$ cat work39.csv   # CSV, C-alpha atoms
chain,number,residue,atom,x,y,z
A,274,MET,CA,-42.9,25.1,-25.5
A,275,ARG,CA,-40.8,24.8,-28.5
A,276,PHE,CA,-40.1,21.2,-27.7
A,277,LEU,CA,-43.8,20.5,-27.6
A,278,LEU,CA,-44.3,22.1,-31.0
A,279,LEU,CA,-41.5,19.9,-32.3
A,280,ILE,CA,-43.2,16.8,-31.0
A,281,PHE,CA,-46.5,18.0,-32.5
A,282,ALA,CA,-44.9,18.5,-35.9
A,283,LEU,CA,-43.3,15.1,-35.8
A,284,GLY,CA,-46.7,13.6,-35.0
A,285,ILE,CA,-48.3,15.2,-38.0
A,286,PHE,CA,-45.3,14.1,-40.2
A,287,ALA,CA,-45.6,10.5,-39.0
A,288,CYS,CA,-49.1,10.2,-40.3
A,289,GLU,CA,-48.1,11.2,-43.8
A,290,TYR,CA,-45.0,9.0,-43.7
A,291,THR,CA,-44.8,6.2,-46.3
A,292,PRO,CA,-41.7,4.0,-46.0
A,293,ALA,CA,-39.2,3.9,-48.9
A,294,LYS,CA,-39.4,0.1,-48.9
A,295,LEU,CA,-42.3,-2.1,-48.0
A,296,PRO,CA,-41.8,-5.0,-45.6
A,297,ILE,CA,-41.9,-8.6,-46.8
A,298,LEU,CA,-44.8,-10.1,-44.8
A,299,GLY,CA,-45.2,-13.6,-43.4
A,300,GLU,CA,-43.0,-16.2,-41.8
A,301,ARG,CA,-39.5,-16.7,-43.0
A,302,ASP,CA,-37.0,-19.6,-42.9
A,303,PHE,CA,-33.3,-19.5,-42.9
A,304,VAL,CA,-31.7,-22.0,-45.1
A,305,ASN,CA,-27.9,-22.2,-45.3
A,306,GLY,CA,-27.6,-18.6,-44.3
A,307,ASP,CA,-30.2,-17.5,-46.9
A,308,THR,CA,-33.6,-16.0,-46.0
A,309,VAL,CA,-36.5,-17.8,-47.5
A,310,TYR,CA,-39.7,-15.7,-47.5
A,311,HIS,CA,-43.3,-16.7,-47.5
A,312,THR,CA,-44.3,-17.1,-51.2
A,313,VAL,CA,-47.6,-17.8,-52.9
A,314,ARG,CA,-47.6,-21.3,-54.4
A,315,PRO,CA,-47.8,-21.8,-58.2
A,316,PHE,CA,-51.4,-21.8,-59.5
A,317,SER,CA,-53.5,-22.4,-62.6
A,318,PHE,CA,-56.9,-20.8,-63.2
A,319,ILE,CA,-59.0,-19.8,-66.2
A,320,ASP,CA,-59.9,-16.1,-66.8
A,321,GLN,CA,-62.9,-14.3,-68.3
A,322,ASP,CA,-61.4,-14.7,-71.8
A,323,SER,CA,-60.9,-18.5,-71.4
A,324,GLN,CA,-57.1,-18.0,-71.0
A,325,GLN,CA,-55.2,-20.1,-68.7
A,326,VAL,CA,-53.7,-17.9,-66.0
A,327,THR,CA,-50.7,-19.2,-64.0
A,328,GLU,CA,-48.0,-17.8,-61.8
A,329,LYS,CA,-46.1,-17.2,-65.0
A,330,THR,CA,-48.7,-14.7,-66.2
A,331,PHE,CA,-47.7,-12.6,-63.1
A,332,GLY,CA,-43.9,-13.2,-63.5
A,333,GLY,CA,-42.0,-10.0,-63.1
A,334,LYS,CA,-45.2,-8.1,-62.3
A,335,VAL,CA,-46.5,-6.4,-59.2
A,336,TYR,CA,-50.1,-7.5,-58.7
A,337,VAL,CA,-53.2,-6.9,-56.5
A,338,VAL,CA,-55.5,-9.7,-55.5
A,339,ASP,CA,-59.0,-10.0,-54.1
A,340,PHE,CA,-61.7,-12.6,-53.6
A,341,PHE,CA,-65.3,-12.0,-54.7
A,342,PHE,CA,-68.3,-13.6,-56.5
A,343,THR,CA,-70.6,-12.0,-59.1
A,344,HIS,CA,-73.8,-12.5,-57.2
A,345,CYS,CA,-72.5,-11.4,-53.8
A,346,PRO,CA,-75.1,-9.6,-51.7
A,347,THR,CA,-72.7,-8.1,-49.3
A,348,ILE,CA,-69.4,-6.2,-49.6
A,349,CYS,CA,-68.1,-7.3,-53.0
A,350,PRO,CA,-69.5,-4.4,-55.1
A,351,LYS,CA,-67.7,-2.0,-52.7
A,352,VAL,CA,-64.4,-3.9,-53.1
A,353,THR,CA,-64.8,-4.1,-56.8
A,354,LYS,CA,-65.4,-0.4,-57.0
A,355,GLN,CA,-62.0,0.1,-55.3
A,356,MET,CA,-60.4,-2.4,-57.6
A,357,LEU,CA,-61.8,-0.3,-60.4
A,358,ARG,CA,-60.0,2.7,-59.0
A,359,LEU,CA,-56.7,0.7,-59.2
A,360,TYR,CA,-57.6,-0.4,-62.7
A,361,GLU,CA,-58.2,3.1,-63.9
A,362,LYS,CA,-54.9,4.2,-62.4
A,363,TYR,CA,-52.7,1.4,-63.6
A,364,LYS,CA,-54.4,0.0,-66.7
A,365,ASP,CA,-51.7,1.4,-69.0
A,366,ASP,CA,-48.8,0.5,-66.7
A,367,SER,CA,-47.7,-3.0,-67.9
A,368,ARG,CA,-45.8,-3.5,-64.6
A,369,VAL,CA,-49.1,-3.9,-62.6
A,370,LEU,CA,-51.9,-6.5,-62.9
A,371,LEU,CA,-55.1,-7.2,-61.0
A,372,LEU,CA,-56.4,-10.7,-60.1
A,373,SER,CA,-59.9,-11.3,-58.8
A,374,HIS,CA,-60.7,-14.8,-57.7
A,375,SER,CA,-64.3,-16.0,-57.8
A,376,ILE,CA,-65.0,-18.0,-54.7
A,377,ASP,CA,-68.3,-19.2,-56.1
A,378,THR,CA,-66.7,-21.4,-58.8
A,379,ARG,CA,-69.9,-23.4,-59.4
A,380,ASN,CA,-72.0,-20.4,-60.5
A,381,ASP,CA,-69.2,-18.1,-61.8
A,382,THR,CA,-68.5,-19.8,-65.0
A,383,VAL,CA,-66.1,-18.3,-67.6
A,384,GLY,CA,-69.2,-17.0,-69.4
A,385,ARG,CA,-70.5,-15.3,-66.4
A,386,LEU,CA,-67.1,-13.7,-65.6
A,387,GLN,CA,-66.9,-12.6,-69.1
A,388,GLU,CA,-70.2,-10.8,-68.9
A,389,TYR,CA,-69.2,-9.3,-65.6
A,390,ALA,CA,-65.9,-7.9,-67.0
A,391,ARG,CA,-67.7,-6.7,-70.1
A,392,ASN,CA,-70.3,-4.9,-68.1
A,393,LEU,CA,-67.6,-3.3,-65.9
A,394,ASP,CA,-65.9,-2.3,-69.2
A,395,VAL,CA,-62.4,-3.7,-68.2
A,396,SER,CA,-59.9,-5.7,-70.2
A,397,SER,CA,-58.2,-9.0,-69.3
A,398,LYS,CA,-55.0,-7.3,-70.4
A,399,SER,CA,-54.6,-5.9,-67.0
A,400,TRP,CA,-57.5,-7.4,-64.9
A,401,HIS,CA,-58.0,-11.1,-64.7
A,402,PHE,CA,-61.2,-12.5,-63.2
A,403,VAL,CA,-60.6,-16.2,-62.6
A,404,THR,CA,-62.4,-19.3,-61.7
A,405,GLY,CA,-61.2,-22.9,-61.3
A,406,ASN,CA,-61.1,-25.7,-58.8
A,407,SER,CA,-62.7,-24.3,-55.6
A,408,ASP,CA,-60.3,-26.1,-53.2
A,409,SER,CA,-57.4,-24.5,-55.1
A,410,ILE,CA,-59.0,-21.1,-54.7
A,411,TYR,CA,-59.6,-21.5,-51.0
A,412,SER,CA,-56.1,-22.7,-50.4
A,413,ILE,CA,-54.5,-19.9,-52.4
A,414,ALA,CA,-56.5,-17.5,-50.3
A,415,ALA,CA,-54.6,-18.7,-47.3
A,416,ASP,CA,-51.3,-18.1,-49.2
A,417,TYR,CA,-52.4,-14.4,-49.5
A,418,PHE,CA,-53.2,-14.4,-45.8
A,419,SER,CA,-56.9,-14.0,-46.8
A,420,PHE,CA,-59.7,-16.4,-46.3
A,421,ALA,CA,-62.7,-17.7,-48.3
A,422,LYS,CA,-64.9,-20.6,-47.9
A,423,GLU,CA,-68.4,-21.9,-48.4
A,424,ASP,CA,-70.7,-21.3,-45.5
A,425,ALA,CA,-74.5,-21.9,-45.8
A,426,GLU,CA,-75.1,-19.6,-42.8
A,427,SER,CA,-73.6,-16.5,-44.5
A,428,PRO,CA,-75.5,-14.2,-46.9
A,429,GLY,CA,-74.9,-15.5,-50.4
A,430,GLY,CA,-73.5,-18.7,-49.1
A,431,PHE,CA,-69.8,-17.7,-48.6
A,432,VAL,CA,-67.6,-16.1,-46.1
A,433,HIS,CA,-64.6,-14.1,-47.3
A,434,SER,CA,-62.6,-11.0,-46.4
A,435,GLY,CA,-62.7,-7.8,-48.3
A,436,GLN,CA,-59.0,-7.2,-48.3
A,437,LEU,CA,-56.9,-6.2,-51.2
A,438,ILE,CA,-53.5,-7.9,-51.2
A,439,LEU,CA,-50.3,-6.6,-52.9
A,440,ALA,CA,-47.9,-9.2,-54.1
A,441,ASP,CA,-44.5,-8.4,-55.7
A,442,LYS,CA,-42.8,-10.0,-58.7
A,443,HIS,CA,-41.5,-12.9,-56.6
A,444,ARG,CA,-45.1,-13.6,-55.3
A,445,ARG,CA,-44.2,-12.4,-51.9
A,446,ILE,CA,-46.9,-10.5,-49.9
A,447,ARG,CA,-46.0,-6.8,-49.4
A,448,ALA,CA,-49.1,-4.9,-48.3
A,449,PHE,CA,-52.8,-5.1,-47.5
A,450,CYS,CA,-55.7,-2.8,-47.2
A,451,ASP,CA,-59.5,-2.9,-46.4
A,452,GLY,CA,-61.0,-2.9,-49.9
A,453,THR,CA,-64.3,-1.5,-48.6
A,454,ASP,CA,-62.6,1.7,-47.3
A,455,GLU,CA,-61.8,4.3,-49.9
A,456,LYS,CA,-59.2,6.1,-47.6
A,457,ASP,CA,-57.4,2.9,-46.8
A,458,VAL,CA,-57.2,2.1,-50.5
A,459,THR,CA,-55.7,5.6,-51.2
A,460,ARG,CA,-52.9,4.8,-48.7
A,461,PHE,CA,-52.5,1.4,-50.4
A,462,MET,CA,-52.0,3.0,-53.8
A,463,LYS,CA,-49.1,5.0,-52.3
A,464,GLU,CA,-47.6,1.6,-51.2
A,465,ILE,CA,-48.0,0.2,-54.7
A,466,ASP,CA,-46.0,3.1,-56.0
A,467,VAL,CA,-43.3,2.5,-53.4
A,468,LEU,CA,-43.1,-1.1,-54.5
A,469,LEU,CA,-42.8,-0.1,-58.1
A,470,ASN,CA,-39.9,2.3,-57.3
A,471,GLU,CA,-38.1,-0.2,-55.1
A,472,LYS,CA,-34.6,-1.2,-56.1
A,473,GLU,CA,-33.7,-4.9,-55.8
B,264,MET,CA,-80.6,36.9,-12.2
B,265,LYS,CA,-79.8,38.5,-15.5
B,266,LYS,CA,-77.0,36.0,-16.0
B,267,ASN,CA,-79.3,33.1,-15.4
B,268,SER,CA,-81.8,34.1,-18.0
B,269,LEU,CA,-79.0,34.6,-20.5
B,270,ILE,CA,-77.9,31.1,-19.8
B,271,ILE,CA,-81.4,29.8,-20.3
B,272,LEU,CA,-81.8,31.7,-23.5
B,273,ALA,CA,-78.5,30.4,-24.8
B,274,SER,CA,-79.4,26.8,-24.1
B,275,ILE,CA,-82.8,27.2,-25.8
B,276,ILE,CA,-81.1,28.6,-28.9
B,277,PHE,CA,-78.5,25.8,-28.7
B,278,THR,CA,-81.3,23.1,-28.5
B,279,ILE,CA,-83.1,24.6,-31.5
B,280,ILE,CA,-79.9,24.6,-33.6
B,281,VAL,CA,-79.1,21.0,-32.7
B,282,SER,CA,-82.6,19.7,-33.3
B,283,CYS,CA,-82.9,21.6,-36.6
B,284,LYS,CA,-79.7,20.1,-37.7
B,285,GLN,CA,-81.3,16.6,-37.5
B,286,GLU,CA,-81.6,15.5,-41.1
B,287,THR,CA,-85.2,14.8,-42.3
B,288,TYR,CA,-84.6,11.2,-43.5
B,289,PHE,CA,-82.3,10.0,-40.8
B,290,GLN,CA,-84.1,6.7,-40.2
B,291,GLY,CA,-84.1,6.1,-43.9
B,292,ARG,CA,-80.4,6.7,-44.1
B,293,LEU,CA,-79.7,4.2,-41.4
B,294,LEU,CA,-81.8,1.5,-43.1
B,295,TYR,CA,-80.2,2.4,-46.4
B,296,GLU,CA,-76.7,1.8,-44.8
B,297,ASP,CA,-77.8,-1.6,-43.6
B,298,TYR,CA,-79.7,-2.9,-46.6
B,299,CYS,CA,-78.7,-1.1,-49.7
B,300,GLN,CA,-75.3,0.7,-49.4
B,301,ASN,CA,-73.1,-2.4,-50.0
B,302,CYS,CA,-74.4,-2.3,-53.6
B,303,HIS,CA,-75.7,1.1,-54.4
B,304,MET,CA,-72.8,2.8,-52.5
B,305,GLU,CA,-72.8,5.6,-49.9
B,306,ASP,CA,-72.9,8.3,-52.7
B,307,GLY,CA,-75.7,6.5,-54.6
B,308,THR,CA,-73.6,6.0,-57.7
B,309,GLY,CA,-73.7,2.1,-57.8
B,310,LEU,CA,-70.9,0.2,-59.6
B,311,ARG,CA,-70.2,0.9,-63.2
B,312,GLY,CA,-72.1,-1.5,-65.5
B,313,ILE,CA,-73.0,-3.8,-62.6
B,314,ILE,CA,-75.1,-2.0,-60.0
B,315,PRO,CA,-77.3,0.9,-61.3
B,316,PRO,CA,-77.1,4.4,-59.7
B,317,LEU,CA,-79.9,5.8,-57.5
B,318,LYS,CA,-78.4,9.3,-57.7
B,319,GLY,CA,-79.9,10.9,-60.7
B,320,SER,CA,-81.7,7.7,-61.8
B,321,ASP,CA,-84.5,8.3,-64.4
B,322,PHE,CA,-85.9,4.9,-63.4
B,323,LEU,CA,-86.3,5.9,-59.8
B,324,LYS,CA,-87.9,9.1,-60.8
B,325,ASN,CA,-90.3,7.5,-63.2
B,326,ASN,CA,-91.3,4.4,-61.3
B,327,GLN,CA,-92.4,5.8,-57.9
B,328,ASN,CA,-95.4,3.5,-57.9
B,329,ALA,CA,-93.4,0.3,-58.4
B,330,LEU,CA,-90.7,0.9,-55.8
B,331,VAL,CA,-92.2,-0.8,-52.8
B,332,CYS,CA,-92.5,-4.1,-54.7
B,333,LEU,CA,-89.0,-3.7,-56.2
B,334,ILE,CA,-87.5,-3.2,-52.8
B,335,ARG,CA,-89.5,-6.0,-51.2
B,336,LYS,CA,-89.3,-8.6,-54.0
B,337,GLY,CA,-86.0,-7.6,-55.7
B,338,SER,CA,-85.5,-7.6,-59.4
B,339,GLN,CA,-84.4,-10.3,-61.9
B,340,GLY,CA,-82.0,-8.2,-63.8
B,341,GLY,CA,-82.6,-6.5,-67.2
B,342,LEU,CA,-83.7,-3.0,-66.1
B,343,THR,CA,-82.5,-0.1,-68.1
B,344,ILE,CA,-81.4,2.9,-66.1
B,345,ASN,CA,-80.3,6.2,-67.7
B,346,GLY,CA,-79.9,4.4,-71.0
B,347,SER,CA,-77.7,1.5,-69.8
B,348,LYS,CA,-79.0,-2.1,-69.4
B,349,TYR,CA,-78.1,-4.0,-66.2
B,350,THR,CA,-78.0,-7.8,-66.0
B,351,GLN,CA,-77.4,-8.6,-62.3
B,352,PRO,CA,-80.4,-9.4,-60.1
B,353,MET,CA,-81.2,-7.5,-57.0
B,354,PRO,CA,-82.1,-9.6,-54.0
B,355,GLY,CA,-85.5,-9.0,-52.2
B,356,ASN,CA,-85.9,-7.7,-48.7
B,357,ALA,CA,-88.7,-9.8,-47.1
B,358,ASN,CA,-88.0,-8.6,-43.6
B,359,LEU,CA,-88.4,-4.9,-44.2
B,360,THR,CA,-91.7,-3.5,-42.8
B,361,GLN,CA,-94.0,-1.1,-44.7
B,362,GLY,CA,-92.6,1.7,-42.4
B,363,ASP,CA,-89.0,0.7,-43.2
B,364,ILE,CA,-89.7,0.8,-46.9
B,365,ALA,CA,-91.4,4.2,-46.7
B,366,ASN,CA,-88.4,5.6,-44.8
B,367,ILE,CA,-85.9,4.2,-47.3
B,368,ILE,CA,-87.8,5.5,-50.4
B,369,ASN,CA,-88.1,8.9,-48.8
B,370,TYR,CA,-84.4,8.9,-48.1
B,371,ILE,CA,-83.3,7.8,-51.7
B,372,ASN,CA,-85.8,10.3,-53.2
B,373,HIS,CA,-84.0,13.1,-51.5
B,374,ALA,CA,-80.4,12.1,-51.0
B,375,TRP,CA,-77.5,13.1,-53.4
B,376,ASP,CA,-79.4,16.0,-54.9
B,377,ASN,CA,-82.3,13.8,-55.9
B,378,ASN,CA,-85.6,15.6,-55.8
B,379,TYR,CA,-88.2,12.9,-56.5
B,380,GLY,CA,-90.9,13.9,-53.9
B,381,VAL,CA,-92.3,12.3,-50.8
B,382,ILE,CA,-94.0,8.9,-50.7
B,383,LEU,CA,-96.9,8.7,-48.2
B,384,TYR,CA,-97.3,5.8,-45.9
B,385,ASP,CA,-100.7,5.0,-47.3
B,386,ASP,CA,-99.3,4.7,-50.8
B,387,VAL,CA,-96.7,2.3,-49.4
B,388,LEU,CA,-99.5,0.2,-47.9
B,389,LYS,CA,-101.4,0.2,-51.1
B,390,GLN,CA,-98.4,-0.9,-53.2
B,391,PHE,CA,-97.5,-3.4,-50.5
B,392,GLU,CA,-100.9,-5.1,-50.9
B,393,THR,CA,-100.5,-5.5,-54.7
B,394,CYS,CA,-97.2,-7.4,-54.4
B,395,ARG,CA,-97.7,-10.6,-52.6
$ encode --input "work39.csv" --output "structure tokens"
Amino acid sequence: MRFLLLIFALGIFACEYTPAKLPILGERDFVNGDTVYHTVRPFSFIDQDSQQVTEKTFGGKVYVVDFFFTHCPTICPKVTKQMLRLYEKYKDDSRVLLLSHSIDTRNDTVGRLQEYARNLDVSSKSWHFVTGNSDSIYSIAADYFSFAKEDAESPGGFVHSGQLILADKHRRIRAFCDGTDEKDVTRFMKEIDVLLNEKE
Amino acid sequence: MKKNSLIILASIIFTIIVSCKQETYFQGRLLYEDYCQNCHMEDGTGLRGIIPPLKGSDFLKNNQNALVCLIRKGSQGGLTINGSKYTQPMPGNANLTQGDIANIINYINHAWDNNYGVILYDDVLKQFETCR
């Protein structure tokens, strides 16, 4: 009986458990005895305030990525609402940035992204909405283990996932969540804090 | 014998409780989940500055005679709700029937502490006629 209780207690504990260190996700290579992790390739996009945004913008930062478009008739508003939660929590924490890629680069001009960010009342100091070459955006999505592409059959003309992806200061992928699910995003926020407290 | 009637009585009470628990606008909620919730959200609050709220919306309250067309045809953007102007368009829903639209309106009129009254099916038909 006491043994059963112990197992039960462990079970409850396990659900609450957040690891002290997040795994580094993706394939890895071993070169001359060193481990080389999957890393997001260098990039260059333009954000809502017409600033060029590159991998250097995110150097030394922890950042959260998603893929969306402003006239999306499906899940994007839900995902953006969860990104907004992250924004409110971390906007004054200079260690954390948010990066939303438009996948409808033809319609989402800088002007439209600017209007979107202004309506949402968020600043490019901590949240960049970017547009650019659509092929570069679709291929960077793959680097984040996400996907986005044009598809005439889908509502709004695009297919994409509603995931939020957490990258560390070396552009390695450390965690995911379902950006349409408030509870999963709450869990993800704990993982962001774990990453922020991680020692090298 | 006595035991049997007790069981029957208990099951009748149980059935009544279960059926009374059925929410009034259940069909409307299901349609809302499929057609509206992605944008206006489960709790009817929308998305700050981008998608207007339905919960506590003065527009919803004051435009009951324009709702059928709005839901069917969508909206270009530019509406003012509770003092804020919205610029995104809302897509139309050409495949919703008159009955679907009636169910949805009655759901949003009563969900999230809204209390905007009941729309009658006949009114939906009339509004539907005027928006072709």
$ interface_residues --input "work39.csv" --of "chain A" --to "chain B" --cutoff "7 Å" --atoms "all atoms listed in the file" --output "list in words"
Thr347, Ile348, Pro350, Lys351, Lys354, Asn392 and Leu393 of chain A
$ residues_around --input "work39.csv" --residues "Ala357 in chain B" --least-positions-apart "5" --cutoff "9 Å" --atoms "all atoms listed in the file" --output "mmCIF file with C-alpha atoms, in the frame of the given file"
data_model
loop_
_atom_site.group_PDB
_atom_site.id
_atom_site.type_symbol
_atom_site.label_atom_id
_atom_site.label_comp_id
_atom_site.auth_asym_id
_atom_site.auth_seq_id
_atom_site.Cartn_x
_atom_site.Cartn_y
_atom_site.Cartn_z
ATOM 1 C CA ILE B 334 -87.500 -3.200 -52.800
ATOM 2 C CA ARG B 335 -89.500 -6.000 -51.200
ATOM 3 C CA LYS B 336 -89.300 -8.600 -54.000
#
$ residues_around --input "work39.csv" --residues "Asp322 in chain A" --least-positions-apart "6" --cutoff "12 Å" --atoms "only C-alpha atoms" --output "PyMOL selection string"
chain A and resi 382-391+395-398+400-404
$ atom_distance --input "work39.csv" --atom1 "CA of Gln339 in chain B" --atom2 "CA of Leu293 in chain B"
25.5 Å
$ residues_around --input "work39.csv" --residues "Phe316 in chain A" --least-positions-apart "5" --cutoff "12 Å" --atoms "only C-alpha atoms" --output "short mmCIF file (atom, residue, chain, number, x, y, z; two decimals) with C-alpha atoms, keeping the file's coordinate frame"
data_model
loop_
_atom_site.label_atom_id
_atom_site.label_comp_id
_atom_site.auth_asym_id
_atom_site.auth_seq_id
_atom_site.Cartn_x
_atom_site.Cartn_y
_atom_site.Cartn_z
CA GLN A 325 -55.20 -20.10 -68.70
CA VAL A 326 -53.70 -17.90 -66.00
CA THR A 327 -50.70 -19.20 -64.00
CA GLU A 328 -48.00 -17.80 -61.80
CA LYS A 329 -46.10 -17.20 -65.00
CA THR A 330 -48.70 -14.70 -66.20
CA PHE A 331 -47.70 -12.60 -63.10
CA HIS A 374 -60.70 -14.80 -57.70
CA VAL A 403 -60.60 -16.20 -62.60
CA THR A 404 -62.40 -19.30 -61.70
CA GLY A 405 -61.20 -22.90 -61.30
CA ASN A 406 -61.10 -25.70 -58.80
CA ASP A 408 -60.30 -26.10 -53.20
CA SER A 409 -57.40 -24.50 -55.10
CA ILE A 410 -59.00 -21.10 -54.70
CA TYR A 411 -59.60 -21.50 -51.00
CA SER A 412 -56.10 -22.70 -50.40
CA ILE A 413 -54.50 -19.90 -52.40
CA ALA A 414 -56.50 -17.50 -50.30
CA ASP A 416 -51.30 -18.10 -49.20
CA ARG A 444 -45.10 -13.60 -55.30
#
$ atom_distance --input "work39.csv" --atom1 "CA of Leu323 in chain B" --atom2 "CA of Thr353 in chain A"
23.9 Å
$ atom_distance --input "work39.csv" --atom1 "CA of Leu371 in chain A" --atom2 "CA of Asn470 in chain A"
18.3 Å
$ residues_around --input "work39.csv" --residues "range 324-331 of chain B" --least-positions-apart "6" --cutoff "12 Å" --atoms "all atoms listed in the file" --output "PyMOL selection string"
chain B and resi 316-318+337-338+342-345+355-357+359-369+371-373+377-395
$ closest_residue --input "work39.csv" --among "A:Ser317, A:Thr459, A:Ser434, A:Ser399" --to "Ser367 in chain A" --atoms "only C-alpha atoms"
A:Ser399
$ residues_around --input "work39.csv" --residues "range 301-304 of chain A" --least-positions-apart "5" --cutoff "12 Å" --atoms "only C-alpha atoms" --output "PyMOL selection string"
chain A and resi 309-312+445-446
$ decode --input "work39.csv" --residues "range 355-371 of chain B" --atoms "N, CA and C atoms" --output "mmCIF file, in the first residue's frame"
data_model
loop_
_atom_site.group_PDB
_atom_site.id
_atom_site.type_symbol
_atom_site.label_atom_id
_atom_site.label_comp_id
_atom_site.auth_asym_id
_atom_site.auth_seq_id
_atom_site.Cartn_x
_atom_site.Cartn_y
_atom_site.Cartn_z
ATOM 1 N N GLY B 355 -16.199 36.236 -45.694
ATOM 2 C CA GLY B 355 -17.606 35.833 -45.663
ATOM 3 C C GLY B 355 -17.758 34.333 -45.469
ATOM 4 N N ASN B 356 -18.996 33.906 -45.278
ATOM 5 C CA ASN B 356 -19.282 32.479 -45.063
ATOM 6 C C ASN B 356 -20.452 32.060 -45.950
ATOM 7 N N ALA B 357 -20.152 31.901 -47.242
ATOM 8 C CA ALA B 357 -21.219 31.647 -48.211
ATOM 9 C C ALA B 357 -21.899 30.295 -47.987
ATOM 10 N N ASN B 358 -21.198 29.369 -47.329
ATOM 11 C CA ASN B 358 -21.772 28.028 -47.202
ATOM 12 C C ASN B 358 -22.617 27.819 -45.951
ATOM 13 N N LEU B 359 -22.778 28.865 -45.120
ATOM 14 C CA LEU B 359 -23.647 28.717 -43.947
ATOM 15 C C LEU B 359 -25.111 28.920 -44.361
ATOM 16 N N THR B 360 -25.986 28.046 -43.891
ATOM 17 C CA THR B 360 -27.415 28.175 -44.207
ATOM 18 C C THR B 360 -28.057 29.193 -43.265
ATOM 19 N N GLN B 361 -29.295 29.551 -43.567
ATOM 20 C CA GLN B 361 -30.039 30.474 -42.707
ATOM 21 C C GLN B 361 -30.134 29.928 -41.284
ATOM 22 N N GLY B 362 -30.385 28.621 -41.187
ATOM 23 C CA GLY B 362 -30.490 27.998 -39.866
ATOM 24 C C GLY B 362 -29.173 28.054 -39.108
ATOM 25 N N ASP B 363 -28.070 27.792 -39.824
ATOM 26 C CA ASP B 363 -26.747 27.875 -39.189
ATOM 27 C C ASP B 363 -26.535 29.273 -38.628
ATOM 28 N N ILE B 364 -26.848 30.265 -39.454
ATOM 29 C CA ILE B 364 -26.588 31.655 -39.048
ATOM 30 C C ILE B 364 -27.441 32.026 -37.833
ATOM 31 N N ALA B 365 -28.700 31.585 -37.829
ATOM 32 C CA ALA B 365 -29.555 31.839 -36.665
ATOM 33 C C ALA B 365 -28.932 31.229 -35.411
ATOM 34 N N ASN B 366 -28.467 29.989 -35.518
ATOM 35 C CA ASN B 366 -27.855 29.330 -34.360
ATOM 36 C C ASN B 366 -26.615 30.075 -33.870
ATOM 37 N N ILE B 367 -25.793 30.507 -34.816
ATOM 38 C CA ILE B 367 -24.558 31.210 -34.425
ATOM 39 C C ILE B 367 -24.894 32.524 -33.729
ATOM 40 N N ILE B 368 -25.815 33.284 -34.304
ATOM 41 C CA ILE B 368 -26.150 34.588 -33.702
ATOM 42 C C ILE B 368 -26.712 34.381 -32.293
ATOM 43 N N ASN B 369 -27.595 33.392 -32.135
ATOM 44 C CA ASN B 369 -28.138 33.168 -30.801
ATOM 45 C C ASN B 369 -27.070 32.725 -29.821
ATOM 46 N N TYR B 370 -26.073 32.002 -30.316
ATOM 47 C CA TYR B 370 -24.967 31.628 -29.431
ATOM 48 C C TYR B 370 -24.167 32.864 -29.002
ATOM 49 N N ILE B 371 -23.716 33.668 -29.982
ATOM 50 C CA ILE B 371 -22.855 34.806 -29.592
ATOM 51 C C ILE B 371 -23.640 35.864 -28.821
#
